[in-house]
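Content type compact mmCIF, C-alpha atoms and all ligand atoms, from the file entry.txt:
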```
# COMPACT_ATOMS: atom_id res chain seq x y z
CA MET A 173 0.00 0.00 0.00
CA ALA A 174 3.04 2.21 -0.03
CA LYS A 175 1.97 4.23 -3.03
CA GLY A 176 2.45 7.92 -3.46
CA LEU A 177 -0.37 10.34 -2.98
CA THR A 178 -0.55 11.17 -6.64
CA TRP A 179 -2.85 9.03 -8.70
CA ASN A 180 -1.85 8.44 -12.28
CA GLU A 181 -4.22 8.77 -15.21
CA ASN A 182 -4.83 5.02 -15.44
CA GLU A 183 -5.83 4.73 -11.81
CA LEU A 184 -8.11 7.74 -12.13
CA VAL A 185 -9.98 6.15 -15.05
CA VAL A 186 -10.72 3.11 -12.92
CA ALA A 187 -11.83 5.26 -9.98
CA PHE A 188 -14.06 7.41 -12.19
CA TYR A 189 -15.75 4.44 -13.84
CA LEU A 190 -16.38 2.91 -10.44
CA TYR A 191 -17.80 6.23 -9.22
CA CYS A 192 -20.29 6.22 -12.10
CA VAL A 193 -21.66 2.75 -11.48
CA THR A 194 -21.77 2.92 -7.67
CA PRO A 195 -24.67 4.57 -5.80
CA PHE A 196 -23.53 7.27 -3.37
CA GLY A 197 -24.66 5.21 -0.40
CA LYS A 198 -22.36 2.40 -1.44
CA ILE A 199 -19.19 4.45 -1.85
CA HIS A 200 -17.36 3.37 1.27
CA HIS A 201 -14.35 1.27 2.21
CA ASN A 202 -16.45 -1.77 3.17
CA ASN A 203 -18.02 -2.13 -0.27
CA PRO A 204 -16.67 -5.51 -1.52
CA ARG A 205 -16.23 -4.23 -5.09
CA ILE A 206 -14.27 -1.21 -3.88
CA MET A 207 -12.13 -3.47 -1.67
CA GLU A 208 -11.45 -5.74 -4.62
CA VAL A 209 -10.50 -2.98 -7.04
CA ALA A 210 -8.44 -1.16 -4.41
CA LYS A 211 -6.41 -4.32 -3.94
CA MET A 212 -5.73 -4.53 -7.67
CA LEU A 213 -4.61 -0.91 -7.69
CA GLY A 214 -2.44 -1.35 -4.61
CA ARG A 215 -4.42 1.36 -2.82
CA SER A 216 -6.45 1.20 0.36
CA PRO A 217 -10.25 0.91 0.03
CA ALA A 218 -10.54 4.16 1.98
CA ALA A 219 -8.27 5.97 -0.48
CA LEU A 220 -10.21 4.63 -3.45
CA SER A 221 -13.60 5.56 -2.03
CA MET A 222 -12.33 9.04 -1.18
CA LYS A 223 -11.04 9.42 -4.73
CA MET A 224 -14.43 8.32 -6.07
CA CYS A 225 -16.22 10.88 -3.89
CA ASN A 226 -13.98 13.62 -5.26
CA PHE A 227 -15.60 13.30 -8.67
CA ALA A 228 -18.97 14.19 -7.23
CA SER A 229 -17.69 17.68 -6.47
CA PHE A 230 -17.54 18.45 -10.21
CA ASP A 231 -21.13 17.48 -10.92
CA PRO A 232 -23.36 20.55 -11.27
CA VAL A 233 -26.18 18.75 -9.43
CA HIS A 234 -23.96 18.06 -6.49
CA LYS A 235 -22.54 21.56 -6.53
CA SER A 236 -25.99 23.09 -6.48
CA ARG A 237 -26.84 21.06 -3.40
CA ASN A 238 -23.86 22.67 -1.78
CA VAL A 239 -22.44 19.44 -0.47
CA GLY A 240 -19.08 19.99 1.09
CA GLY A 241 -16.34 17.65 2.20
CA LEU A 242 -14.81 17.34 -1.21
CA LYS A 243 -12.05 19.84 -0.93
CA HIS A 244 -9.46 17.21 -1.71
CA ALA A 245 -10.34 16.96 -5.39
CA GLY A 246 -7.19 17.73 -7.33
CA ARG A 247 -6.14 18.67 -10.81
CA GLY A 248 -5.91 15.08 -12.04
CA ASP A 249 -9.44 14.42 -10.83
CA ARG A 250 -10.70 17.48 -12.69
CA GLU A 251 -8.86 16.48 -15.85
CA THR A 252 -10.34 12.99 -15.75
CA TRP A 253 -13.85 14.42 -15.24
CA ASP A 254 -13.42 16.88 -18.12
CA LYS A 255 -11.88 14.31 -20.44
CA TYR A 256 -14.62 11.72 -20.20
CA ASN A 257 -17.78 13.69 -19.47
CA ASP A 258 -18.81 13.88 -23.07
CA HIS A 259 -16.84 10.85 -24.17
CA TRP A 260 -18.44 8.00 -22.34
CA GLY A 261 -17.53 5.42 -24.96
CA GLN A 262 -13.90 6.33 -24.43
CA LEU A 263 -14.26 5.92 -20.67
CA ILE A 264 -15.64 2.41 -21.14
CA ASP A 265 -12.77 1.51 -23.49
CA GLU A 266 -10.11 2.94 -21.20
CA TYR A 267 -11.59 1.24 -18.15
CA GLN A 268 -11.58 -2.13 -19.92
CA LYS A 269 -7.98 -1.58 -20.96
CA GLN A 270 -6.90 -0.76 -17.44
CA MET A 271 -8.75 -3.68 -15.94
CA ALA A 272 -7.10 -6.01 -18.44
CA ALA A 273 -3.71 -4.53 -17.54
CA LEU A 274 -4.48 -5.20 -13.87
CA HIS A 275 -5.39 -8.78 -14.79
CA ALA A 276 -8.84 -8.28 -13.35
CA PRO A 277 -11.05 -11.35 -13.55
CA ALA A 278 -14.02 -10.93 -15.89
CA GLU A 279 -16.85 -9.09 -14.17
CA PRO A 280 -19.87 -11.23 -13.41
CA ALA A 281 -22.38 -11.05 -16.24
CA ASP A 282 -25.49 -9.06 -15.52
CA GLU A 283 -28.05 -11.41 -16.93
CA GLU A 284 -30.59 -8.74 -17.71
CA VAL A 285 -28.05 -6.64 -19.54
CA GLU A 286 -27.07 -9.61 -21.64
CA ILE A 287 -30.62 -10.24 -22.75
CA VAL A 288 -32.53 -6.97 -22.73
CA TRP A 289 -31.60 -3.63 -24.19
CA ASN A 290 -34.55 -1.40 -23.54
CA GLY A 291 -36.82 -4.34 -23.98
CA LYS A 292 -35.53 -5.21 -27.41
CA ARG A 293 -33.23 -7.94 -28.59
CA THR A 294 -30.72 -6.33 -30.84
CA GLU A 295 -28.06 -7.23 -33.29
CA ALA A 296 -25.77 -5.08 -31.24
CA LEU A 297 -25.76 -7.67 -28.47
CA ARG A 298 -23.40 -9.69 -30.60
CA THR A 299 -20.51 -7.34 -30.02
CA THR A 300 -18.59 -7.12 -26.81
CA LYS A 301 -18.24 -3.37 -27.16
CA ALA A 302 -22.00 -2.92 -27.24
CA ARG A 303 -22.43 -5.24 -24.29
CA LEU A 304 -19.91 -3.31 -22.24
CA GLY A 305 -21.64 -0.08 -23.21
CA GLN A 306 -24.98 -1.46 -22.08
CA ARG A 307 -23.51 -2.62 -18.80
CA PHE A 308 -22.04 0.81 -18.11
CA PHE A 309 -25.21 2.66 -19.10
CA ARG A 310 -27.54 0.48 -17.08
CA GLY A 311 -25.17 0.35 -14.09
CA THR A 312 -24.65 4.11 -14.07
CA VAL A 313 -28.25 5.16 -14.65
CA LEU A 314 -29.70 2.84 -12.02
CA ALA A 315 -26.99 3.72 -9.49
CA THR A 316 -27.55 7.41 -10.22
CA TYR A 317 -31.25 7.12 -9.37
CA ASP A 318 -30.55 4.94 -6.35
CA TYR A 319 -32.44 2.05 -7.93
CA VAL A 320 -35.90 3.61 -8.03
CA CYS A 321 -38.23 4.46 -10.91
CA ALA A 322 -37.91 8.21 -11.49
CA MET A 323 -41.65 8.43 -12.17
CA CYS A 324 -43.33 6.24 -9.54
CA GLY A 325 -40.57 5.49 -7.07
CA ILE A 326 -40.85 1.71 -7.28
CA GLY A 327 -37.58 0.43 -5.94
CA MET A 328 -37.14 -3.13 -7.14
CA PRO A 329 -34.06 -3.40 -9.37
CA GLN A 330 -35.60 -6.41 -11.07
CA LEU A 331 -38.35 -4.14 -12.42
CA LEU A 332 -36.09 -1.30 -13.53
CA ASN A 333 -34.68 -0.38 -16.91
CA ALA A 334 -32.19 2.27 -17.87
CA SER A 335 -34.38 4.06 -20.37
CA HIS A 336 -32.95 6.25 -23.14
CA ILE A 337 -34.41 9.74 -23.39
CA ILE A 338 -33.24 10.17 -26.97
CA PRO A 339 -33.88 6.67 -28.32
CA TRP A 340 -30.69 4.62 -28.62
CA SER A 341 -31.40 3.95 -32.28
CA VAL A 342 -31.48 7.69 -33.06
CA ASN A 343 -28.22 8.85 -31.60
CA GLU A 344 -25.27 6.53 -31.30
CA GLU A 345 -23.20 9.00 -29.36
CA LYS A 346 -25.80 9.29 -26.62
CA ARG A 347 -26.28 5.55 -26.25
CA VAL A 348 -24.04 5.35 -23.22
CA ASP A 349 -24.38 8.92 -21.90
CA PRO A 350 -25.79 8.71 -18.36
CA ARG A 351 -27.45 12.11 -18.83
CA ASN A 352 -29.47 10.58 -21.64
CA GLY A 353 -30.90 8.02 -19.24
CA LEU A 354 -33.77 7.69 -16.81
CA SER A 355 -34.26 4.87 -14.36
CA LEU A 356 -37.81 3.67 -15.02
CA CYS A 357 -39.87 0.64 -14.04
CA GLY A 358 -41.02 -1.67 -16.81
CA LEU A 359 -44.38 0.04 -17.19
CA HIS A 360 -43.07 3.61 -17.24
CA ASP A 361 -40.12 2.65 -19.44
CA ARG A 362 -42.52 1.29 -22.00
CA ALA A 363 -44.88 4.26 -21.73
CA PHE A 364 -41.95 6.70 -22.11
CA ASP A 365 -40.50 4.75 -25.01
CA LYS A 366 -43.88 4.76 -26.78
CA GLY A 367 -44.40 8.48 -26.22
CA LEU A 368 -47.36 8.05 -23.88
CA VAL A 369 -45.69 10.08 -21.14
CA THR A 370 -43.04 12.77 -21.13
CA VAL A 371 -41.83 15.51 -18.78
CA ASP A 372 -42.06 19.29 -19.15
CA GLU A 373 -39.28 21.85 -18.58
CA GLY A 374 -39.93 21.65 -14.85
CA HIS A 375 -39.51 17.85 -14.90
CA ARG A 376 -43.26 17.37 -14.30
CA LEU A 377 -44.97 14.34 -15.73
CA VAL A 378 -47.15 14.99 -18.79
CA LEU A 379 -49.65 12.45 -20.09
CA SER A 380 -50.58 11.88 -23.71
CA GLN A 381 -54.24 12.10 -24.70
CA GLU A 382 -53.83 8.43 -25.55
CA VAL A 383 -53.45 7.77 -21.85
CA LYS A 384 -56.01 10.31 -20.70
CA LYS A 385 -58.83 9.09 -22.86
CA ARG A 386 -58.72 5.53 -21.54
CA LYS A 387 -61.10 4.16 -19.00
CA LYS A 388 -59.40 4.17 -15.67
CA PRO A 389 -59.14 1.02 -13.64
CA GLU A 390 -57.34 1.57 -10.32
CA MET A 391 -54.01 0.55 -11.75
CA HIS A 392 -54.26 3.08 -14.58
CA LYS A 393 -55.12 5.77 -12.08
CA ALA A 394 -52.23 4.89 -9.78
CA ALA A 395 -49.68 4.50 -12.56
CA PHE A 396 -50.68 7.49 -14.69
CA THR A 397 -53.53 9.81 -13.73
CA ASP A 398 -52.39 10.34 -10.15
CA LEU A 399 -48.85 11.03 -11.29
CA GLU A 400 -49.72 13.73 -13.82
CA GLY A 401 -47.93 16.94 -12.90
CA THR A 402 -45.76 15.30 -10.26
CA LYS A 403 -42.04 15.86 -10.51
CA LEU A 404 -39.52 13.28 -11.59
CA ILE A 405 -37.41 11.93 -8.79
CA LEU A 406 -34.18 13.62 -9.78
CA PRO A 407 -30.76 12.11 -9.19
CA LYS A 408 -27.91 13.48 -7.13
CA ARG A 409 -25.59 13.40 -10.16
CA PHE A 410 -25.85 13.16 -13.95
CA ALA A 411 -29.11 15.13 -14.10
CA PRO A 412 -31.15 14.36 -17.22
CA ASP A 413 -30.03 16.44 -20.18
CA ALA A 414 -32.48 19.27 -20.90
CA ASP A 415 -31.94 19.06 -24.68
CA ALA A 416 -32.60 15.33 -24.65
CA LEU A 417 -35.84 15.87 -22.73
CA ALA A 418 -36.86 18.56 -25.24
CA TYR A 419 -36.17 16.09 -28.04
CA HIS A 420 -38.41 13.53 -26.34
CA ARG A 421 -41.23 16.07 -25.99
CA ASP A 422 -40.95 17.07 -29.66
CA LYS A 423 -40.24 13.82 -31.43
CA VAL A 424 -41.33 10.91 -29.27
CA PHE A 425 -44.27 12.17 -27.23
CA ILE A 426 -47.74 11.72 -28.69
CA ARG A 427 -49.84 14.71 -27.71
ZN ZN A 501 -42.58 3.49 -12.51
```

As structure tokens, please, write out the structure in this file.
Amino acid sequence: MAKGLTWNENELVVAFYLYCVTPFGKIHHNNPRIMEVAKMLGRSPAALSMKMCNFASFDPVHKSRNVGGLKHAGRGDRETWDKYNDHWGQLIDEYQKQMAALHAPAEPADEEVEIVWNGKRTEALRTTKARLGQRFFRGTVLATYDYVCAMCGIGMPQLLNASHIIPWSVNEEKRVDPRNGLSLCGLHDRAFDKGLVTVDEGHRLVLSQEVKKRKKPEMHKAAFTDLEGTKLILPKRFAPDADALAYHRDKVFIR
């Protein structure tokens, strides 16, 4: 553990990736994944979790909440944040490279990621690159929203999807951008994907006439009517991109 204080670029990539896919509540030195990766890096779990927390200080959402305790963030941390924030594909590639260099064992397959990509089987599943992208996107979006549906608050990971705001088929660049994602339960993911619900500029839920004109059994009422006008449960980092939400309102939503 006798490493210098300065983290090199390669170590920072690993720490940043891990920050993205780990919910805030799980960033601590007793998290088994953090302990495992820290060991590979030759750092202490405490040092790694502190490094991960540093990245939060650059996120505008976190800044606006005025959360302190992150005064230790240094220049390297800032450079890593700036370098990858709009280049998520590159982050995934670099992370894989570093993990291979550290001889990391293959990460356990997330069964759901292997099979489902926004509810659709895709050709893309055939390539490792796409699979790794899906794993990062799903991991980051769900962790970001603390494993709840941003619309109804249901908190069972088994029921959650990382939903694309701009559909993944429309914009390749945004496929793995966490700010183009919402954590949604199966029902709301489908409704959002089909343009039956959207959110306005104030992140309030808007229902399509298609939804409004239906007869309303209790479930319909609970899942849609009662939620109209309520605000999305917003994350503590990687806030949904305003332009992406505007795109969804214009191009996907059915009025
Ligand atoms: Zn939901």

So how far away is CA of Ala228 in chain A from CA of Arg409 in chain A, in Å?
->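 Rounded to one decimal, the two atoms are 7.3 Å apart.
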
Please check which protein, DNA or RNA residues sit within 9 Å of ligand ZN 501 (chain A), counting all atoms listed in the file, and write them as a ChimeraX atom specification.
-> /A:320-327,331-332,355-361,395

Can you build me a table of range 308-346 of chain A residues sitting at most 9 Å from range 255-273 of chain A, with the closest atom pair per residue and its distance in Å to one decimal, using only C-alpha atoms, sorted by chain and residue number, as a Markdown table?
```
| residue | atom | partner | partner_atom | distance |
| --- | --- | --- | --- | --- |
| A:Phe308 | CA | A:Ile264 | CA | 7.3 |
| A:Glu345 | CA | A:Gly261 | CA | 8.0 |
| A:Lys346 | CA | A:Trp260 | CA | 8.6 |
```

So how many Å separate CA of Asp249 in chain A and CA of Cys225 in chain A, to one decimal?
->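 These atoms are spaced 10.3 Å apart.
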
List the neighbours of Pro217 in chain A out to 7 Å using all atoms listed in the file; skip same-chain residues closer than 5 positions along the sequence, and give me the result as number ranges by chain.
-> A: 201, 206-207, 210
